[in-house]
Amino acid sequence: MKKKYFTIFLFVALINSNAQVTYTSANYASVGDSFYISSATNLNLDFESTGTSFNWNFENLVATSQVQLQYRNPTQTGYSPFLFPFIYFPGNTNLSSTNGISTGLNIPGQPIEISDANDYYKKSSTDVRQVASAFKLGYNGITIPVQNQYSSPDIIYQFPINYGNMHTSNSEYTTTIPTILYRNRQLTRTNTVDGWGTVTTPFGTFSNTLRITTNLVENDTISLAGNGLPRIIRTTREFKWLDTSKKVPILTVTQSNVNGNWFTTSVDYLDNFQAFQTTAFFIYAPLTPNAGDEVTFQNLSTNAINYSWNFDDPSSGVLNTSTSQNPNHVFSANGVYQVTLTASNASFSDTITIPVVVGNILGISDVALALDTKIKVYPNPFSSKIIIDNSVPNSEYELIDSSGKIIFKGKEIQKIDFSSINKGLYHLNCKANNEIQTIKLLKE
């Protein structure tokens with residue numbers, strides 16, 4: 001009888017040991033892989049519960065946007081051996097990723113645009129570590145390639161990954177662009193594999209899943225265009241579900257810590273391609289170009305994969321249009337050009353037109369940059385109040401900063417005091433009778 005019970009015990013233990021998943025380097029993404037990652041709006045679900053042989057059910061997630069995550073050879077990311085020699089030396093890096101997102105940073109008097117961001121990794125049988133990053137920084141009408149080489153790498157995962165594993169690493173890098181940008185970033189990452197089982201998302205059900213909780217403590221020292229910012233100490237955490245059948249997390253949940261409480265800020269999951277409603281938007285630099293200057297257009301559209309530009313400059317011939325994501329254009333004569341961007345995907349399209357004033361043709365005393373005489377906006381630049389002389393009743397207004405964030409939305413904009421918002425370029429959308437007019441304003 002004792003032998004029988006021992007045999008049963010051994011059989012059950014064997015089943016349990018086999019059920020626990022092992023995730024290795026071979027299961028992680030490689031050069032040439034591409035994935036669609038959808039972002040959901042369900043931020044109040046229970047993402048914290050975990051355990052062994054656990055069943056996580058998130059099938060009711062509702063996505064509103066999507067990006068394409070691409071993994072490439074580091075030497076095929078657009079940087080030459082002269083610009084970024086680090087990625088060409090054998091043994092330094094063998095994998096790079098990008099999601100194609102462009103962003104904008106609003107600093108006093110001048111927007112900074114960031115595009116073509118790439119992360120560089122060294123993947124081996126023992127771990128995958130981030131060793132560098134790069135992006136293009138648009139500032140004052142010029143594009144500056146920025147490369148960051150980690151002095152201490154960020155070990156994203158240590159292989160093999162098994163239930164119960166815990167690993168801590170410290171990473172650091174410093175970025176210096178004289179008179180424009182200084183950043184020192186120190187990061188402590190702690191990974192704890194605290195669950196295994198089955199996870200369900202709108203993409204499907206995956207039964208060979210490990211759950212990893214990652215605690216991140218980031219210490220940032222930043223100076224933008226000579227303006228030093230307070231040291232930022234940021235505490236965040238991530239929950240990631242890894243399945244051996246997929247090469248990126250099935251689900252990633254990011255949370256921020258505010259006064260000791262955790263709040264979910266984003267939910268992203270592996271998905272099939274979906275077409276979401278697009279929103280077209282862009283900014284440009286320099287803010288006040290002269291004829292002959294090269295103007296850089298930074299695309300901040302969402303959910304789009306195709307772009308069509310018209311610069312309202314027929315004298316430039318074939319250069320009057322572009323299908324680039326972030327094009328440049330040279331206006332040969334002073335004037336006001338109604339630049340139009342149409343951002344689209346397979347199912348949706350959105351168009352925005354923003355006037356670009358080339359040369360000092362209006363002057364600081366002009367009441368507005370609007371061409372439609374029905375709407376006059378003043379003063380421009382403004383410091384606190386925005387006064388609107390509008391003959392069209394029931395108009396609605398949106399004030400948008402250079403990063404695309406909506407500062408104000410409503411009808412009674414003239415009652416708002418904008419003294420506390422940052423200096424720089426803003427766009428005022430005036431909506432009336434199913435028409436939208438965009439006016440460029442400067443905050444001094």
# chains A, B, ... in the order shown; residues from 1 in each chain; ligands from 1
$ residues_around --residues "Trp309 of chain A" --least-positions-apart "3" --cutoff "12 Å" --atoms "only C-alpha atoms" --output "ChimeraX atom specification"
/A:280-282,297-299,306,312-313,318-329,338-344,351-354
$ residues_around --residues "Lys240 of chain A" --least-positions-apart "6" --cutoff "6 Å" --atoms "only C-alpha atoms" --output "list in words"
Arg211, Ile212, Leu251 and Thr252 of chain A
$ write_last_selection --atoms "N, CA and C atoms" --output "CSV table (one decimal), in the first residue's frame"
chain,number,residue,atom,x,y,z
A,211,ARG,N,4.1,34.5,-15.6
A,211,ARG,CA,3.8,35.9,-15.3
A,211,ARG,C,5.0,36.5,-14.5
A,212,ILE,N,5.5,37.6,-15.0
A,212,ILE,CA,6.7,38.3,-14.4
A,212,ILE,C,6.2,39.7,-13.9
A,251,LEU,N,0.7,40.0,-23.0
A,251,LEU,CA,0.1,41.1,-22.3
A,251,LEU,C,1.1,41.8,-21.5
A,252,THR,N,1.1,43.2,-21.5
A,252,THR,CA,1.9,44.0,-20.7
A,252,THR,C,1.1,45.1,-20.0
$ closest_residue --among "A:Ile375, A:Val128, A:Leu210, A:Met166" --to "Thr190 of chain A" --atoms "only C-alpha atoms"
A:Met166
$ select_by_dssp --residues "segment 65-268 of chain A" --states "strand (DSSP E or B)" --output "JSON, numbers by chain"
{"A": [65, 66, 67, 68, 69, 70, 71, 72, 95, 96, 97, 98, 103, 104, 105, 106, 107, 110, 111, 112, 113, 114, 115, 116, 117, 118, 119, 120, 121, 122, 123, 127, 128, 129, 130, 131, 132, 133, 134, 135, 136, 137, 138, 139, 142, 143, 144, 145, 146, 147, 148, 149, 150, 151, 152, 153, 154, 155, 156, 157, 158, 161, 162, 166, 167, 168, 169, 170, 171, 172, 173, 174, 175, 176, 177, 181, 182, 183, 184, 185, 186, 187, 188, 189, 190, 191, 192, 193, 194, 195, 196, 197, 198, 199, 200, 201, 204, 205, 206, 207, 208, 209, 210, 211, 212, 213, 214, 215, 216, 217, 218, 219, 220, 221, 222, 223, 224, 227, 228, 232, 233, 234, 235, 236, 237, 238, 239, 240, 241, 242, 243, 251, 252, 253, 254, 255, 256, 257, 258, 261, 262, 263, 264, 265, 266, 267, 268]}
$ residues_around --residues "Pro74 of chain A" --least-positions-apart "5" --cutoff "7 Å" --atoms "only C-alpha atoms" --output "PyMOL selection string"
chain A and resi 87+94-96+120
$ residues_around --residues "Trp196 of chain A" --least-positions-apart "4" --cutoff "7 Å" --atoms "only C-alpha atoms" --output "short mmCIF file (atom, residue, chain, number, x, y, z; two decimals) with C-alpha atoms, in the first residue's frame"
data_model
loop_
_atom_site.label_atom_id
_atom_site.label_comp_id
_atom_site.auth_asym_id
_atom_site.auth_seq_id
_atom_site.Cartn_x
_atom_site.Cartn_y
_atom_site.Cartn_z
CA GLN A 20 5.51 24.77 -14.99
CA GLY A 51 -0.44 32.12 -8.51
CA THR A 52 0.39 28.65 -9.73
CA SER A 53 -1.76 26.94 -12.37
CA PHE A 54 -3.57 30.30 -12.49
CA TYR A 163 8.59 30.18 -11.88
CA THR A 209 2.37 31.24 -19.68
CA LEU A 210 4.71 32.70 -17.06
CA ARG A 211 3.81 35.94 -15.26
#
$ closest_atom_pairs --of "segment 205-317 of chain A" --to "segment 29-34 of chain A" --cutoff "10 Å" --atoms "only C-alpha atoms" --output "Markdown table"
| residue | atom | partner | partner_atom | distance |
| --- | --- | --- | --- | --- |
| A:Lys246 | CA | A:Ala29 | CA | 8.3 |
| A:Lys247 | CA | A:Ala29 | CA | 4.7 |
| A:Val248 | CA | A:Ala29 | CA | 6.4 |
$ residues_around --residues "Leu428 of chain A" --least-positions-apart "3" --cutoff "6 Å" --atoms "only C-alpha atoms" --output "ChimeraX atom specification"
/A:398-399,438-439
$ decode --residues "segment 38-56 of chain A" --atoms "N, CA and C atoms" --output "compact mmCIF listing (two decimals), in the first residue's frame"
# COMPACT_ATOMS: atom_id res chain seq x y z
N SER A 38 -1.77 46.06 -29.56
CA SER A 38 -2.94 46.91 -29.36
C SER A 38 -2.97 47.46 -27.94
N SER A 39 -3.45 48.69 -27.79
CA SER A 39 -3.58 49.32 -26.48
C SER A 39 -5.05 49.36 -26.10
N ALA A 40 -5.35 48.92 -24.87
CA ALA A 40 -6.73 48.83 -24.40
C ALA A 40 -7.03 49.91 -23.38
N THR A 41 -8.33 50.15 -23.18
CA THR A 41 -8.78 51.19 -22.26
C THR A 41 -9.24 50.64 -20.92
N ASN A 42 -9.23 49.31 -20.75
CA ASN A 42 -9.68 48.71 -19.50
C ASN A 42 -8.56 48.80 -18.46
N LEU A 43 -8.56 49.87 -17.67
CA LEU A 43 -7.47 50.10 -16.73
C LEU A 43 -7.82 49.67 -15.30
N ASN A 44 -9.07 49.28 -15.06
CA ASN A 44 -9.50 49.00 -13.69
C ASN A 44 -9.70 47.52 -13.42
N LEU A 45 -9.20 46.66 -14.28
CA LEU A 45 -9.31 45.22 -14.05
C LEU A 45 -8.30 44.77 -13.00
N ASP A 46 -8.50 43.56 -12.49
CA ASP A 46 -7.57 42.99 -11.51
C ASP A 46 -6.40 42.35 -12.26
N PHE A 47 -5.31 43.10 -12.36
CA PHE A 47 -4.11 42.59 -13.01
C PHE A 47 -3.10 42.05 -11.99
N GLU A 48 -3.36 42.25 -10.71
CA GLU A 48 -2.36 41.92 -9.70
C GLU A 48 -2.42 40.45 -9.24
N SER A 49 -3.60 39.86 -9.24
CA SER A 49 -3.73 38.50 -8.73
C SER A 49 -2.90 37.52 -9.56
N THR A 50 -2.26 36.59 -8.86
CA THR A 50 -1.42 35.62 -9.55
C THR A 50 -1.29 34.37 -8.69
N GLY A 51 -0.64 33.35 -9.25
CA GLY A 51 -0.44 32.12 -8.51
C GLY A 51 0.02 31.02 -9.43
N THR A 52 -0.01 29.80 -8.93
CA THR A 52 0.39 28.65 -9.73
C THR A 52 -0.83 28.02 -10.38
N SER A 53 -0.65 27.50 -11.59
CA SER A 53 -1.76 26.94 -12.37
C SER A 53 -2.93 27.92 -12.39
N PHE A 54 -2.60 29.21 -12.60
CA PHE A 54 -3.57 30.30 -12.49
C PHE A 54 -4.26 30.52 -13.83
N ASN A 55 -5.50 31.01 -13.78
CA ASN A 55 -6.24 31.32 -15.00
C ASN A 55 -6.54 32.82 -15.01
N TRP A 56 -5.83 33.55 -15.85
CA TRP A 56 -6.08 34.99 -16.02
C TRP A 56 -6.98 35.18 -17.24
